[in-house]
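With mmCIF, C-alpha atoms inside, this is data_24.cif:
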```cif
data_input
loop_
_atom_site.group_PDB
_atom_site.id
_atom_site.type_symbol
_atom_site.label_atom_id
_atom_site.label_comp_id
_atom_site.auth_asym_id
_atom_site.auth_seq_id
_atom_site.Cartn_x
_atom_site.Cartn_y
_atom_site.Cartn_z
ATOM 1 C CA MET A 1 4.819 3.099 -13.439
ATOM 2 C CA TRP A 2 6.069 1.803 -10.070
ATOM 3 C CA ASP A 3 9.687 1.613 -11.285
ATOM 4 C CA LYS A 4 9.640 5.431 -11.147
ATOM 5 C CA ALA A 5 8.638 5.445 -7.503
ATOM 6 C CA PRO A 6 9.425 8.355 -5.148
ATOM 7 C CA VAL A 7 12.854 8.206 -3.523
ATOM 8 C CA PRO A 8 11.546 7.060 -0.081
ATOM 9 C CA GLN A 9 10.000 3.991 -1.738
ATOM 10 C CA VAL A 10 13.244 3.265 -3.573
ATOM 11 C CA ILE A 11 15.142 3.459 -0.279
ATOM 12 C CA ALA A 12 12.525 1.286 1.432
ATOM 13 C CA ARG A 13 13.064 -1.322 -1.266
ATOM 14 C CA ARG A 14 16.855 -1.179 -0.817
ATOM 15 C CA LEU A 15 16.527 -1.650 2.935
ATOM 16 C CA GLN A 16 14.086 -4.502 2.415
ATOM 17 C CA ASP A 17 16.615 -6.162 0.089
ATOM 18 C CA MET A 18 19.250 -5.810 2.797
ATOM 19 C CA ILE A 19 16.895 -7.569 5.211
ATOM 20 C CA ARG A 20 15.960 -10.309 2.730
ATOM 21 C CA THR A 21 19.583 -11.073 1.858
ATOM 22 C CA GLY A 22 20.639 -11.175 5.519
ATOM 23 C CA GLU A 23 22.832 -8.089 5.315
ATOM 24 C CA LEU A 24 20.537 -6.797 8.048
ATOM 25 C CA LYS A 25 19.595 -9.717 10.283
ATOM 26 C CA ALA A 26 16.498 -10.348 12.395
ATOM 27 C CA GLY A 27 16.858 -8.686 15.769
ATOM 28 C CA GLU A 28 19.741 -6.529 14.592
ATOM 29 C CA ARG A 29 19.769 -2.832 15.404
ATOM 30 C CA LEU A 30 20.033 -0.641 12.321
ATOM 31 C CA PRO A 31 22.826 1.948 12.175
ATOM 32 C CA SER A 32 21.879 5.426 13.331
ATOM 33 C CA GLN A 33 19.838 7.470 10.891
ATOM 34 C CA ARG A 34 22.835 9.704 10.333
ATOM 35 C CA ALA A 35 25.101 6.782 9.465
ATOM 36 C CA LEU A 36 22.455 5.008 7.387
ATOM 37 C CA SER A 37 21.578 8.139 5.426
ATOM 38 C CA GLU A 38 25.265 8.589 4.596
ATOM 39 C CA GLN A 39 25.604 4.931 3.638
ATOM 40 C CA LEU A 40 22.593 5.135 1.293
ATOM 41 C CA ASN A 41 23.425 8.665 0.141
ATOM 42 C CA VAL A 42 19.986 10.085 0.948
ATOM 43 C CA ALA A 43 18.659 12.904 3.104
ATOM 44 C CA ARG A 44 17.545 11.948 6.594
ATOM 45 C CA PRO A 45 13.877 12.958 6.010
ATOM 46 C CA THR A 46 13.830 10.580 3.032
ATOM 47 C CA LEU A 47 15.318 7.807 5.148
ATOM 48 C CA ARG A 48 12.793 8.415 7.925
ATOM 49 C CA GLU A 49 9.924 8.106 5.446
ATOM 50 C CA ALA A 50 11.373 4.841 4.115
ATOM 51 C CA LEU A 51 11.721 3.466 7.653
ATOM 52 C CA LEU A 52 8.118 4.412 8.422
ATOM 53 C CA THR A 53 7.037 2.432 5.364
ATOM 54 C CA LEU A 54 8.997 -0.608 6.511
ATOM 55 C CA GLU A 55 7.586 -0.268 10.021
ATOM 56 C CA THR A 56 4.043 -0.197 8.673
ATOM 57 C CA LEU A 57 4.805 -3.342 6.675
ATOM 58 C CA GLY A 58 6.053 -5.038 9.845
ATOM 59 C CA LEU A 59 9.669 -5.376 8.703
ATOM 60 C CA VAL A 60 11.277 -3.129 11.314
ATOM 61 C CA GLN A 61 10.376 -1.727 14.716
ATOM 62 C CA THR A 62 11.499 1.556 16.253
ATOM 63 C CA LEU A 63 11.819 1.528 20.032
ATOM 64 C CA PRO A 64 12.059 4.859 21.914
ATOM 65 C CA ALA A 65 15.589 5.667 23.059
ATOM 66 C CA ARG A 66 16.831 2.330 21.671
ATOM 67 C CA GLY A 67 16.745 2.639 17.912
ATOM 68 C CA THR A 68 15.270 0.741 14.960
ATOM 69 C CA PHE A 69 15.496 -3.051 14.826
ATOM 70 C CA VAL A 70 14.838 -5.652 12.155
ATOM 71 C CA ARG A 71 11.845 -7.712 13.164
ATOM 72 C CA ASP A 72 12.009 -11.472 13.354
ATOM 73 C CA PRO A 73 9.352 -12.671 10.851
ATOM 74 C CA ALA A 74 8.091 -15.174 13.415
ATOM 75 C CA SER A 75 7.448 -12.437 15.969
ATOM 76 C CA ARG A 76 5.856 -9.745 13.801
ATOM 77 C CA PRO A 77 2.749 -8.273 15.394
ATOM 78 C CA ALA A 78 -0.696 -9.126 14.070
ATOM 79 C CA GLN A 79 -1.327 -5.393 13.824
ATOM 80 C CA THR A 80 0.958 -2.443 13.302
ATOM 81 C CA SER A 81 0.269 1.052 14.551
ATOM 82 C CA TRP A 82 -1.622 3.602 12.459
ATOM 83 C CA ARG A 83 0.826 6.420 11.880
ATOM 84 C CA TYR A 84 -1.865 9.109 11.540
ATOM 85 C CA ASP A 85 -3.675 8.133 14.720
ATOM 86 C CA ASP A 86 -3.306 11.608 16.249
ATOM 87 C CA ALA A 87 -5.106 13.250 13.329
ATOM 88 C CA HIS A 88 -7.393 10.741 11.600
ATOM 89 C CA ASP A 89 -9.206 7.635 12.754
ATOM 90 C CA LEU A 90 -8.320 4.626 10.589
ATOM 91 C CA ARG A 91 -11.942 3.541 10.310
ATOM 92 C CA ASP A 92 -12.917 7.021 9.097
ATOM 93 C CA VAL A 93 -10.294 6.841 6.356
ATOM 94 C CA PHE A 94 -11.610 3.475 5.179
ATOM 95 C CA GLN A 95 -15.143 4.877 5.136
ATOM 96 C CA THR A 96 -13.900 7.782 3.030
ATOM 97 C CA ARG A 97 -12.156 5.400 0.648
ATOM 98 C CA LEU A 98 -15.393 3.492 0.311
ATOM 99 C CA LEU A 99 -17.213 6.606 -0.875
ATOM 100 C CA ILE A 100 -14.520 8.216 -2.993
ATOM 101 C CA GLU A 101 -12.934 5.191 -4.637
ATOM 102 C CA GLY A 102 -16.264 3.501 -5.233
ATOM 103 C CA GLU A 103 -17.487 6.481 -7.234
ATOM 104 C CA ILE A 104 -14.136 7.006 -8.948
ATOM 105 C CA CYS A 105 -14.198 3.393 -10.105
ATOM 106 C CA ALA A 106 -17.764 3.712 -11.414
ATOM 107 C CA LEU A 107 -16.946 6.856 -13.376
ATOM 108 C CA ALA A 108 -13.696 5.384 -14.693
ATOM 109 C CA ALA A 109 -15.566 2.353 -16.030
ATOM 110 C CA ALA A 110 -17.552 4.507 -18.419
ATOM 111 C CA ALA A 111 -14.353 6.149 -19.685
ATOM 112 C CA MET A 112 -12.143 3.059 -19.860
ATOM 113 C CA VAL A 113 -9.691 2.733 -22.768
ATOM 114 C CA ALA A 114 -7.400 -0.117 -23.847
ATOM 115 C CA GLU A 115 -4.206 1.580 -22.636
ATOM 116 C CA THR A 116 -5.562 1.947 -19.103
ATOM 117 C CA VAL A 117 -6.783 -1.653 -19.091
ATOM 118 C CA SER A 118 -3.287 -2.805 -20.041
ATOM 119 C CA THR A 119 -1.737 -0.727 -17.252
ATOM 120 C CA LEU A 120 -4.176 -2.157 -14.727
ATOM 121 C CA HIS A 121 -3.472 -5.743 -15.742
ATOM 122 C CA LEU A 122 0.273 -5.157 -15.417
ATOM 123 C CA ALA A 123 -0.199 -3.698 -11.937
ATOM 124 C CA ALA A 124 -2.427 -6.616 -10.912
ATOM 125 C CA ARG A 125 0.160 -9.158 -12.107
ATOM 126 C CA THR A 126 2.963 -7.352 -10.301
ATOM 127 C CA PHE A 127 0.825 -7.203 -7.146
ATOM 128 C CA ARG A 128 0.374 -10.990 -7.287
ATOM 129 C CA ASP A 129 3.951 -11.864 -8.230
ATOM 130 C CA ALA A 130 5.554 -9.567 -5.646
ATOM 131 C CA TRP A 131 3.464 -11.096 -2.856
ATOM 132 C CA GLN A 132 4.415 -14.596 -3.946
ATOM 133 C CA SER A 133 8.101 -13.673 -3.961
ATOM 134 C CA GLY A 134 7.914 -11.920 -0.582
ATOM 135 C CA ASP A 135 8.715 -8.474 -1.962
ATOM 136 C CA LEU A 136 6.343 -6.468 0.221
ATOM 137 C CA VAL A 137 7.535 -3.054 -0.949
ATOM 138 C CA ALA A 138 6.997 -3.877 -4.641
ATOM 139 C CA HIS A 139 3.714 -5.535 -3.709
ATOM 140 C CA VAL A 140 2.370 -2.358 -2.141
ATOM 141 C CA GLU A 141 3.803 -0.183 -4.921
ATOM 142 C CA ALA A 142 1.836 -2.232 -7.449
ATOM 143 C CA ASP A 143 -1.303 -1.933 -5.334
ATOM 144 C CA LEU A 144 -0.889 1.836 -5.166
ATOM 145 C CA ALA A 145 -0.252 1.964 -8.920
ATOM 146 C CA LEU A 146 -3.434 0.030 -9.665
ATOM 147 C CA HIS A 147 -5.633 2.293 -7.571
ATOM 148 C CA GLN A 148 -3.887 5.392 -8.926
ATOM 149 C CA ALA A 149 -4.437 4.293 -12.531
ATOM 150 C CA ILE A 150 -8.153 3.974 -11.842
ATOM 151 C CA ALA A 151 -8.204 7.468 -10.334
ATOM 152 C CA ASP A 152 -6.270 8.816 -13.329
ATOM 153 C CA ALA A 153 -8.954 7.368 -15.618
ATOM 154 C CA CYS A 154 -11.780 9.099 -13.740
ATOM 155 C CA PRO A 155 -13.240 11.832 -15.997
ATOM 156 C CA ASN A 156 -14.391 13.851 -12.973
ATOM 157 C CA ARG A 157 -11.189 15.759 -12.298
ATOM 158 C CA VAL A 158 -12.526 17.354 -9.122
ATOM 159 C CA LEU A 159 -13.071 13.915 -7.614
ATOM 160 C CA ALA A 160 -9.685 12.766 -8.864
ATOM 161 C CA LYS A 161 -8.127 15.828 -7.201
ATOM 162 C CA VAL A 162 -9.803 14.979 -3.899
ATOM 163 C CA TYR A 163 -8.263 11.521 -4.201
ATOM 164 C CA ALA A 164 -4.836 13.024 -4.909
ATOM 165 C CA ASN A 165 -5.051 15.356 -1.918
ATOM 166 C CA MET A 166 -5.750 12.383 0.365
ATOM 167 C CA GLN A 167 -3.088 10.163 -1.187
ATOM 168 C CA HIS A 168 -0.886 10.024 1.920
ATOM 169 C CA LEU A 169 -3.792 8.684 3.988
ATOM 170 C CA LEU A 170 -5.146 6.332 1.331
ATOM 171 C CA SER A 171 -1.719 4.867 0.626
ATOM 172 C CA GLU A 172 -1.136 4.121 4.284
ATOM 173 C CA THR A 173 -4.407 2.167 4.550
ATOM 174 C CA GLN A 174 -3.117 -0.044 1.739
ATOM 175 C CA ARG A 175 0.151 -0.727 3.592
ATOM 176 C CA GLN A 176 -1.209 -0.939 7.122
ATOM 177 C CA PRO A 177 -3.032 -4.324 6.928
ATOM 178 C CA ILE A 178 -0.097 -6.184 5.331
ATOM 179 C CA PRO A 179 1.369 -7.720 8.539
ATOM 180 C CA ASN A 180 -2.107 -9.039 9.384
ATOM 181 C CA THR A 181 -2.799 -10.488 5.928
ATOM 182 C CA ASN A 182 -2.722 -14.270 5.712
ATOM 183 C CA PRO A 183 -2.209 -16.146 2.419
ATOM 184 C CA GLU A 184 -5.922 -16.911 2.040
ATOM 185 C CA ARG A 185 -6.894 -13.260 2.444
ATOM 186 C CA MET A 186 -4.252 -12.252 -0.088
ATOM 187 C CA ARG A 187 -5.609 -14.806 -2.549
ATOM 188 C CA GLN A 188 -9.000 -13.169 -2.114
ATOM 189 C CA SER A 189 -7.490 -9.701 -2.579
ATOM 190 C CA ILE A 190 -5.880 -10.811 -5.840
ATOM 191 C CA GLU A 191 -9.239 -12.162 -7.001
ATOM 192 C CA GLU A 192 -10.932 -8.898 -5.985
ATOM 193 C CA HIS A 193 -8.536 -6.953 -8.177
ATOM 194 C CA GLY A 194 -9.458 -9.285 -11.014
ATOM 195 C CA ALA A 195 -13.169 -8.647 -10.448
ATOM 196 C CA ILE A 196 -12.611 -4.876 -10.420
ATOM 197 C CA LEU A 197 -10.662 -5.086 -13.669
ATOM 198 C CA ALA A 198 -13.343 -7.222 -15.294
ATOM 199 C CA ALA A 199 -16.021 -4.661 -14.424
ATOM 200 C CA LEU A 200 -13.846 -1.863 -15.791
ATOM 201 C CA GLU A 201 -13.109 -3.761 -19.006
ATOM 202 C CA ASN A 202 -16.820 -4.361 -19.461
ATOM 203 C CA ARG A 203 -17.423 -0.643 -18.888
ATOM 204 C CA ASN A 204 -19.973 -1.508 -16.209
ATOM 205 C CA PRO A 205 -20.127 1.372 -13.677
ATOM 206 C CA ASP A 206 -22.449 -0.340 -11.188
ATOM 207 C CA ALA A 207 -20.352 -3.509 -11.058
ATOM 208 C CA ALA A 208 -17.136 -1.489 -10.846
ATOM 209 C CA ARG A 209 -18.437 0.503 -7.879
ATOM 210 C CA LEU A 210 -19.661 -2.641 -6.106
ATOM 211 C CA ARG A 211 -16.426 -4.592 -6.649
ATOM 212 C CA MET A 212 -14.255 -1.719 -5.446
ATOM 213 C CA GLN A 213 -16.383 -1.233 -2.341
ATOM 214 C CA GLU A 214 -16.250 -4.956 -1.563
ATOM 215 C CA HIS A 215 -12.478 -4.856 -1.888
ATOM 216 C CA ILE A 216 -12.155 -1.859 0.445
ATOM 217 C CA ARG A 217 -14.500 -3.394 3.030
ATOM 218 C CA ASN A 218 -12.495 -6.620 3.072
ATOM 219 C CA THR A 219 -9.228 -4.710 3.364
ATOM 220 C CA ALA A 220 -10.672 -2.717 6.269
ATOM 221 C CA ARG A 221 -11.657 -5.947 8.044
ATOM 222 C CA CYS A 222 -8.084 -7.142 7.658
ATOM 223 C CA ALA A 223 -7.030 -3.947 9.444
ATOM 224 C CA GLY A 224 -9.557 -4.624 12.203
ATOM 225 C CA HIS A 225 -12.457 -2.418 11.119
ATOM 226 C CA ASP A 226 -15.938 -2.947 9.687
ATOM 227 C CA VAL A 227 -17.090 -0.192 7.345
#
```
Here is the file; what I need is its structure written in the form of structure tokens.
Amino acid sequence: MWDKAPVPQVIARRLQDMIRTGELKAGERLPSQRALSEQLNVARPTLREALLTLETLGLVQTLPARGTFVRDPASRPAQTSWRYDDAHDLRDVFQTRLLIEGEICALAAAAMVAETVSTLHLAARTFRDAWQSGDLVAHVEADLALHQAIADACPNRVLAKVYANMQHLLSETQRQPIPNTNPERMRQSIEEHGAILAALENRNPDAARLRMQEHIRNTARCAGHDV
């Protein structure tokens, strides 16, 4: 599922690989967007979206009138900025996730089939393995794929459509806490995914709702908010 990611995510992964291999070094200024878009053979809006993803993940930093720089891992901020701050409060988005995804998960539990369970387990494994290997882009892609698969399984298509219409906001709340996530919290997040999957496999709506809401609350705390 995540190997067919949108082009900005593919470009984000390529840039991350350049950082991980040392082709782009810590503290180094990236080429101009014009030059980089030509180098990667992508449109500048696509490149900008990829750079925003990397900035949310704490891998790069854009400084006004200076350009975009590769962050030194030792100096990454404990918190990155919320890119939709002018339009939507981050805490409000987490509260909305709590309501929408909790109910989506409960409804999906009652409609769970073996194919969806298999997809969810693959996403959960990729989520874990990508974190352990330091591949933050693939890690988030797997997280997004897991939550999307649950929404796809929801038999209430109106609710699933609401989820789809908010996808840009919901996705960003899944990326935004990453720079502030320590190994112990990530271990807990991996376990929370397992608990959600177990409730879905058991076709237990109440447990599925509860486990998803616990997961979202803990993710929100990692981003600095209680919901």
With the cut-off set at 12 Å and counting only C-alpha atoms, tabulate each residue of region 110-191 of chain A with an atom at most that distance from an atom of region 51-65 of chain A, showing the nearest atom pair and its distance in Å to one decimal, ordered by chain and increasing number, as JSON lines.
```
{"residue": "A:Gly134", "atom": "CA", "partner": "A:Leu59", "partner_atom": "CA", "distance": 11.5}
{"residue": "A:Asp135", "atom": "CA", "partner": "A:Leu57", "partner_atom": "CA", "distance": 10.8}
{"residue": "A:Leu136", "atom": "CA", "partner": "A:Leu57", "partner_atom": "CA", "distance": 7.3}
{"residue": "A:Val137", "atom": "CA", "partner": "A:Leu54", "partner_atom": "CA", "distance": 8.0}
{"residue": "A:Ala138", "atom": "CA", "partner": "A:Leu57", "partner_atom": "CA", "distance": 11.5}
{"residue": "A:His139", "atom": "CA", "partner": "A:Leu57", "partner_atom": "CA", "distance": 10.7}
{"residue": "A:Val140", "atom": "CA", "partner": "A:Leu57", "partner_atom": "CA", "distance": 9.2}
{"residue": "A:Glu141", "atom": "CA", "partner": "A:Thr53", "partner_atom": "CA", "distance": 11.1}
{"residue": "A:His168", "atom": "CA", "partner": "A:Thr53", "partner_atom": "CA", "distance": 11.5}
{"residue": "A:Ser171", "atom": "CA", "partner": "A:Thr53", "partner_atom": "CA", "distance": 10.2}
{"residue": "A:Glu172", "atom": "CA", "partner": "A:Thr56", "partner_atom": "CA", "distance": 8.0}
{"residue": "A:Thr173", "atom": "CA", "partner": "A:Thr56", "partner_atom": "CA", "distance": 9.7}
{"residue": "A:Gln174", "atom": "CA", "partner": "A:Leu57", "partner_atom": "CA", "distance": 9.9}
{"residue": "A:Arg175", "atom": "CA", "partner": "A:Leu57", "partner_atom": "CA", "distance": 6.2}
{"residue": "A:Gln176", "atom": "CA", "partner": "A:Thr56", "partner_atom": "CA", "distance": 5.5}
{"residue": "A:Pro177", "atom": "CA", "partner": "A:Leu57", "partner_atom": "CA", "distance": 7.9}
{"residue": "A:Ile178", "atom": "CA", "partner": "A:Leu57", "partner_atom": "CA", "distance": 5.8}
{"residue": "A:Pro179", "atom": "CA", "partner": "A:Gly58", "partner_atom": "CA", "distance": 5.6}
{"residue": "A:Asn180", "atom": "CA", "partner": "A:Gly58", "partner_atom": "CA", "distance": 9.1}
{"residue": "A:Thr181", "atom": "CA", "partner": "A:Leu57", "partner_atom": "CA", "distance": 10.5}
```
Residues near Ile150 (chain A), anyone? I mean within 8 Å using only C-alpha atoms, not counting same-chain ones fewer than 2 positions away, as a ChimeraX atom specification. /A:104-105,108,116,120,146-148,152-154
What is the distance between CA of Asp143 (chain A) and CA of Asp86 (chain A), in Å to one decimal?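 According to the coordinates, CA of Asp143 (chain A) and CA of Asp86 (chain A) are separated by 25.6 Å.
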Name every residue that the PyMOL selection byres ((chain A and resi 28) around 12) selects in this structure, writing the answer as a PyMOL selection string with chains first and numbers rising. chain A and resi 18-19+22-27+29-31+59-62+66-72
Counting all atoms listed in the file, I want the residues whose atoms come within 9 Å of (-19.0, -0.2, -6.7) in the file frame, returned as a list in words.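 Every polymer residue passing the test: Leu98, Glu101, Gly102, Glu103, Ile104, Cys105, Ala106, Ile196, Pro205, Asp206, Ala207, Ala208, Arg209, Leu210, Arg211, Met212, Gln213 and Glu214 of chain A.
Between CA of Arg125 (chain A) and CA of Tyr163 (chain A) lies a distance of 23.7 Å.
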So, counting all atoms listed in the file, which residue among A:Arg44, A:Ala87, A:Thr96, A:Val117 is closest to Met166 (chain A)? A:Thr96
Using only C-alpha atoms for the distances, tell me which of A:Ala35, A:Ala151, A:Val7, A:Leu200 is nearest to Ala50 (chain A).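 Once distances to Ala50 (chain A) are computed over only C-alpha atoms, the minimum belongs to A:Val7.
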Trp82 (chain A) proximity check over A:Val227, A:Arg157, A:Leu197, A:Leu169, using all atoms listed in the file: winner is A:Leu169
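Shortest separation to Ala111 (chain A) among A:Arg221, A:Pro155, A:Ile216, A:Ala43 occurs at residue A:Pro155, atoms counted being all atoms listed in the file.
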Counting all atoms listed in the file, the residue among A:His121, A:Ile190, A:Ala160, A:Ala109 that lies closest to Asn202 (chain A) is A:Ala109
Just need the box for region 206-216 of chain A, edges along x, y and z, holding every atom the file lists for it with 8 Å tacked onto each side, so centre and edge lengths in Å to one decimal, as AutoDock Vina command-line options.
```
--center_x -17.3 --center_y -2.2 --center_z -5.4 --size_x 26.3 --size_y 21.5 --size_z 27.6
```
Please report the interatomic distance between CA of Ala142 (chain A) and CA of Phe127 (chain A) in Å with one decimal.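 Separation of CA of Ala142 (chain A) and CA of Phe127 (chain A): 5.1 Å.
Of the listed residues A:Ala164, A:Leu90, A:Ala114, A:Ala12, the one whose atoms come nearest to Leu40 (chain A) is A:Ala12, with distances taken using all atoms listed in the file.
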Using the incomplete input, complete region 160-172 of chain A to the level of N, CA, C and O atoms; output as an mmCIF file, in the coordinates of the input.
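part01.cif was written with the following content:
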```
data_model
loop_
_atom_site.group_PDB
_atom_site.id
_atom_site.type_symbol
_atom_site.label_atom_id
_atom_site.label_comp_id
_atom_site.auth_asym_id
_atom_site.auth_seq_id
_atom_site.Cartn_x
_atom_site.Cartn_y
_atom_site.Cartn_z
ATOM 1 N N ALA A 160 -11.051 13.283 -8.778
ATOM 2 C CA ALA A 160 -9.685 12.766 -8.864
ATOM 3 C C ALA A 160 -8.723 13.619 -8.036
ATOM 4 O O ALA A 160 -7.778 13.104 -7.424
ATOM 5 N N LYS A 161 -8.961 14.929 -7.996
ATOM 6 C CA LYS A 161 -8.127 15.828 -7.201
ATOM 7 C C LYS A 161 -8.313 15.583 -5.705
ATOM 8 O O LYS A 161 -7.350 15.626 -4.932
ATOM 9 N N VAL A 162 -9.544 15.322 -5.300
ATOM 10 C CA VAL A 162 -9.803 14.979 -3.899
ATOM 11 C C VAL A 162 -9.004 13.726 -3.523
ATOM 12 O O VAL A 162 -8.378 13.653 -2.460
ATOM 13 N N TYR A 163 -9.031 12.761 -4.421
ATOM 14 C CA TYR A 163 -8.263 11.521 -4.201
ATOM 15 C C TYR A 163 -6.776 11.844 -4.053
ATOM 16 O O TYR A 163 -6.105 11.347 -3.138
ATOM 17 N N ALA A 164 -6.260 12.676 -4.944
ATOM 18 C CA ALA A 164 -4.836 13.024 -4.909
ATOM 19 C C ALA A 164 -4.462 13.736 -3.613
ATOM 20 O O ALA A 164 -3.396 13.485 -3.035
ATOM 21 N N ASN A 165 -5.337 14.603 -3.141
ATOM 22 C CA ASN A 165 -5.051 15.356 -1.918
ATOM 23 C C ASN A 165 -5.040 14.470 -0.675
ATOM 24 O O ASN A 165 -4.456 14.837 0.349
ATOM 25 N N MET A 166 -5.701 13.320 -0.763
ATOM 26 C CA MET A 166 -5.750 12.383 0.365
ATOM 27 C C MET A 166 -4.776 11.227 0.189
ATOM 28 O O MET A 166 -4.802 10.276 0.966
ATOM 29 N N GLN A 167 -3.913 11.306 -0.811
ATOM 30 C CA GLN A 167 -3.088 10.163 -1.187
ATOM 31 C C GLN A 167 -2.257 9.617 -0.033
ATOM 32 O O GLN A 167 -2.094 8.407 0.114
ATOM 33 N N HIS A 168 -1.711 10.497 0.811
ATOM 34 C CA HIS A 168 -0.886 10.024 1.920
ATOM 35 C C HIS A 168 -1.679 9.145 2.880
ATOM 36 O O HIS A 168 -1.160 8.143 3.387
ATOM 37 N N LEU A 169 -2.946 9.485 3.105
ATOM 38 C CA LEU A 169 -3.792 8.684 3.988
ATOM 39 C C LEU A 169 -4.225 7.388 3.303
ATOM 40 O O LEU A 169 -4.175 6.303 3.893
ATOM 41 N N LEU A 170 -4.655 7.502 2.061
ATOM 42 C CA LEU A 170 -5.146 6.332 1.331
ATOM 43 C C LEU A 170 -4.035 5.305 1.156
ATOM 44 O O LEU A 170 -4.263 4.099 1.331
ATOM 45 N N SER A 171 -2.844 5.773 0.826
ATOM 46 C CA SER A 171 -1.719 4.867 0.626
ATOM 47 C C SER A 171 -1.399 4.092 1.900
ATOM 48 O O SER A 171 -1.102 2.897 1.864
ATOM 49 N N GLU A 172 -1.467 4.778 3.028
ATOM 50 C CA GLU A 172 -1.136 4.121 4.284
ATOM 51 C C GLU A 172 -2.145 3.041 4.640
ATOM 52 O O GLU A 172 -1.786 2.027 5.234
#
```
